[in-house]
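Visitor: Mind having a look at this structure? Questions to follow.
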Amino acid sequence: MTSTAYYPTIKWYYYNATGAAWVDISGYVLTKQGVSGHWGMRSNKYTDRLAATGEMRMLLDNTDGVFDPDDASALTGWAINTKVKMVVTFDGVDYVRFYGKVDTLKFSDPNTHEHTAQVLVSDWMGYAYKKTLGEQSIETYKRGGELCAEIVTEVGQTPLATSYAVGDYGFPAAFDSMTTTAKAATELNKIVLSEGGYFYNRHDRTTGEKLVFENATYRNGLRTLSKINTVTDAHMNGIGERYERSHGENIINKVTVTAYPKRTDTEEQTLYSLGEVIRISSGETKTINVRYQNADTKESCNAITSLMVDPVATTDYTMNTRKDGKGTDLTSSLTVSVVFRTAEAEITLTNTSGYLGQITKLQLRGYGVYQDSSIKAVVEDTSSQASYSEAELNIEQQYQRDVVAGKLWAKKIVGVESSPRTKLNKITFCANKSEMRMLAFLACDIGDLVKITESGLNLDGYYYYINGIEFAITEGNIITYSWILDDSAGISENRFSNVALEFSPSSEDIIEFGEIPSLVDLPDQSITAWCDVTTIGVWCDIVCMWVDNAGGLEWGVGISKTNGLRMLLIMPC
């Protein structure tokens, strides 16, 4: 293949909804000034797990006013929220490298020589950061993937494709800390931090838009390298243009994890009760917003909206001609309608009688969710603190009710980051220099596992997940791009990796790692095994074992069940 093959065709299109067609606007794109953008997470920090709004910035020739929606010459269908995509064609294959909608338009001064339109195109994540979820109901006993799907649906902008993991944790209640001004992105962030997973928009080749939710154990030592084509691994061996590294910035020697225990009513309760009498004139309609509070305990709470009861005349509300509840009973002439939200209710009251009404009773019934005191777990390395001072990370797990999961996560973080190390944070490539570089830009995306080797920097076969992508296109279709890299999963040919395995009850599967020299003389390590003891017989074979280099069993973990007694056995050999 000649070097000219590394210069792809790049085209930009907008969708003309009126004509139901994609219209090529490449001739208007001023690549001399450059087209640039980014998507995914903006860093590799442990708590940066929700993608930012992906953006593509482009400058268009607006001499004829075709990109000004108010101009008589404007392109049909061109406006804010119009779909735009960038398609890169290489070796006869099309790759949709960016897909989104017009977010903002800025125009140059008409007195200047060049008339241009500066266009900002945002991907789906832009909706998540703008959309308010004021009416989202509390959900019970759902997992992260289900909750993410509900939020995406509530946003009201259907993505072209989705891929949601189920999630490793079931949450007793979710959306229970939501306020009336909560954004969709805020709730998505609560989910990923409670799970320890990720949520992002993957710009896949065919559509340019696939929303992805990763569970907590997706990034582990069993993942295989991503491919840049059907046969070639994403191993970038000595072909980076720029490596952004740091040493010592990684240090975390104290992690505080906070969980939020909640209580949910098991019986119907009165969650709002009228305080002062409400005066309402004949024919008048009043709307009031009320917060939930348990009438008996006086505890503030949120409500499970799907279980709230529509008010019933006499039982839940009354109206009389006198504020002491006497006089003529006007209850039948009072119309009450309620919009139940998680944190508050909107009550609309209408007096259809011919008299001044006094609403003397008004209540709302349902099931409340109550916030108990938060609980914290702290994992720290005092030796590291003595050497490098205290470096703390706080993780808020809004939907975890205890700190079991969070404490395991904290131990992993402190175990890796308590000592200074050199981290590769970002690597930059020029796509046009080789087929490998070009295909890596076109085929690799957020969540892909790649391998980076650079002998001059002692980067010898380290593995990274792509957290974020930045790109720039200049005149001549020159493409430079950067990967923001995450090595928190600890995957390396030279380092111990956190591993998650799951087998069926009747399985005899085995994972063999072979001889791993780097395990020699390590500090104590923890192995956690979960086994459904209700599915085993009298004896369950060893579920976890450690062997020496000669293949002899050092120790194992087994489970027995005899006459209803369940026992965990640690068996040294």
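Lettering and numbering for the structure tokens are positional, with chains as A, B, ... in the shown order, residues counted from 1 in each chain, and ligands counted from 1 in the shown order.
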Within 8 Å of region 477-482 of chain A, counting only C-alpha atoms, which residues show up once you throw out same-chain ones fewer than 4 positions away? Write them as a PyMOL selection string, please.
Guide: chain A and resi 7-10+31+426-432+441+469-473
Visitor: Which residues come within 12 Å of Lys298 (chain A), counting only C-alpha atoms, excluding same-chain residues fewer than 2 positions away, as JSON, numbers by chain?
Guide: {"A": [269, 270, 271, 272, 273, 291, 292, 293, 294, 295, 296, 300, 301, 368, 370]}
Visitor: Could you dump the residues just selected with N, CA and C atoms as a tab-separated table (two decimals), in the first residue's frame?
Guide:
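File produced: part.tsv:
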chain	number	residue	atom	x	y	z
A	269	GLN	N	-48.74	5.20	54.32
A	269	GLN	CA	-48.62	6.27	55.31
A	269	GLN	C	-49.17	7.58	54.76
A	270	THR	N	-49.52	8.49	55.67
A	270	THR	CA	-49.87	9.84	55.25
A	270	THR	C	-48.58	10.63	55.10
A	271	LEU	N	-48.30	11.08	53.88
A	271	LEU	CA	-47.03	11.74	53.58
A	271	LEU	C	-47.17	13.25	53.42
A	272	TYR	N	-48.38	13.74	53.48
A	272	TYR	CA	-48.60	15.18	53.54
A	272	TYR	C	-49.93	15.40	54.24
A	273	SER	N	-49.96	16.41	55.12
A	273	SER	CA	-51.20	16.75	55.81
A	273	SER	C	-51.30	18.26	55.90
A	291	ARG	N	-44.07	19.48	49.99
A	291	ARG	CA	-43.02	18.50	50.24
A	291	ARG	C	-43.62	17.36	51.08
A	292	TYR	N	-43.00	16.18	50.94
A	292	TYR	CA	-43.49	15.03	51.68
A	292	TYR	C	-42.92	15.00	53.10
A	293	GLN	N	-43.77	14.59	54.02
A	293	GLN	CA	-43.35	14.40	55.42
A	293	GLN	C	-44.29	13.40	56.07
A	294	ASN	N	-43.71	12.42	56.75
A	294	ASN	CA	-44.53	11.44	57.44
A	294	ASN	C	-45.34	12.14	58.53
A	295	ALA	N	-46.66	12.00	58.47
A	295	ALA	CA	-47.53	12.74	59.40
A	295	ALA	C	-47.35	12.29	60.83
A	296	ASP	N	-46.96	11.05	61.06
A	296	ASP	CA	-46.80	10.54	62.42
A	296	ASP	C	-45.42	10.85	63.00
A	300	SER	N	-38.97	14.04	57.16
A	300	SER	CA	-39.02	14.38	55.74
A	300	SER	C	-38.67	13.14	54.92
A	301	CYS	N	-39.23	13.04	53.73
A	301	CYS	CA	-38.99	11.86	52.91
A	301	CYS	C	-39.26	12.17	51.45
A	368	GLY	N	-43.30	6.17	51.68
A	368	GLY	CA	-42.17	7.08	51.73
A	368	GLY	C	-40.84	6.35	51.77
A	370	TYR	N	-36.98	7.07	53.32
A	370	TYR	CA	-36.37	7.93	54.33
A	370	TYR	C	-34.85	7.76	54.35
Visitor: I'd like the contact shell of Val102 (chain A) - 10 Å cut-off, only C-alpha atoms, skipping same-chain residues fewer than 6 positions apart - returned as a list in words.
Guide: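 Returned residues: Tyr14, Glu55, Met56, Arg57, Trp78, Ala79, Ile80, Asn81, Thr82, Lys83, Val84, Val119, Leu120, Val121, Ser122 and Asp123 of chain A.
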Visitor: Looking at A:Phe171, A:Trp22, A:Tyr200, A:Trp483, which one is nearest to Thr140 (chain A), with distances taken over only C-alpha atoms?
Guide: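 Among the listed residues, the smallest separation from Thr140 (chain A) belongs to A:Phe171.
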Visitor: Skipping near chain neighbours, those fewer than 2 positions away, what residues fall within 6 Å of region 160-165 of chain A using only C-alpha atoms, listed as number ranges by chain?
Guide: A: 145, 167, 209-215
Visitor: Show me, as a PyMOL selection string, the residues that have an atom within 10 Å of Thr207 (chain A) when counting only C-alpha atoms, minus same-chain residues fewer than 3 positions from it.
Guide: chain A and resi 85+95-99+159-161+202-204+210
Visitor: With the cut-off set at 12 Å and counting only C-alpha atoms, tabulate each residue of region 200-285 of chain A with an atom at most that distance from an atom of region 376-390 of chain A, showing the nearest atom pair and its distance in Å to one decimal, ordered by chain and increasing number, as a Markdown table.
Guide:
| residue | atom | partner | partner_atom | distance |
| --- | --- | --- | --- | --- |
| A:Gly248 | CA | A:Tyr388 | CA | 9.2 |
| A:Glu249 | CA | A:Tyr388 | CA | 10.9 |
| A:Asn250 | CA | A:Tyr388 | CA | 11.4 |
| A:Ile251 | CA | A:Tyr388 | CA | 8.2 |
| A:Ile252 | CA | A:Glu390 | CA | 7.8 |
| A:Asn253 | CA | A:Asp381 | CA | 5.2 |
| A:Lys254 | CA | A:Glu380 | CA | 4.1 |
| A:Val255 | CA | A:Val379 | CA | 5.3 |
| A:Thr256 | CA | A:Val378 | CA | 4.5 |
| A:Val257 | CA | A:Ala377 | CA | 5.3 |
| A:Thr258 | CA | A:Lys376 | CA | 4.5 |
| A:Ala259 | CA | A:Lys376 | CA | 6.4 |
| A:Tyr260 | CA | A:Lys376 | CA | 8.9 |
| A:Pro261 | CA | A:Lys376 | CA | 10.8 |
Visitor: For the residues in the current selection, export C-alpha atoms as a PDB file, in the first residue's frame.
Guide:
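This is the output file out.pdb:
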ATOM      1  CA  GLY A 248       3.570  11.032  41.713  1.00  0.00           C
ATOM      2  CA  GLU A 249       0.274  12.639  40.762  1.00  0.00           C
ATOM      3  CA  ASN A 250      -1.287   9.208  41.088  1.00  0.00           C
ATOM      4  CA  ILE A 251      -0.798   8.900  44.845  1.00  0.00           C
ATOM      5  CA  ILE A 252      -3.965   8.007  46.744  1.00  0.00           C
ATOM      6  CA  ASN A 253      -3.345   6.660  50.226  1.00  0.00           C
ATOM      7  CA  LYS A 254      -6.736   7.267  51.772  1.00  0.00           C
ATOM      8  CA  VAL A 255     -10.114   6.455  50.257  1.00  0.00           C
ATOM      9  CA  THR A 256     -13.354   7.338  52.012  1.00  0.00           C
ATOM     10  CA  VAL A 257     -16.456   5.635  50.673  1.00  0.00           C
ATOM     11  CA  THR A 258     -19.907   6.881  51.694  1.00  0.00           C
ATOM     12  CA  ALA A 259     -23.079   4.808  51.424  1.00  0.00           C
ATOM     13  CA  TYR A 260     -26.620   5.936  52.159  1.00  0.00           C
ATOM     14  CA  PRO A 261     -28.927   3.560  54.040  1.00  0.00           C
TER      15      PRO A 261
END
Visitor: Run DSSP on the backbone and grab whatever in region 313-531 of chain A lands in strand (DSSP E); send it over as a ChimeraX atom specification.
Guide: /A:317-320,334-340,344-351,357-366,368-371,375-380,392-397,422-430,449-454,459-474,478-486
Visitor: Between A:Ala345, A:Val166, A:Ile25, A:Val339, single out the one closest to Thr179 (chain A), counting only C-alpha atoms.
Guide: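 Of all the options, A:Ala345 lies closest to Thr179 (chain A).
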Visitor: Do a neighbour search on Ser353 (chain A) at 10 Å with only C-alpha atoms, toss out local chain neighbours closer than 5 positions, and write the hits as number ranges by chain.
Guide: A: 281-284, 330-334
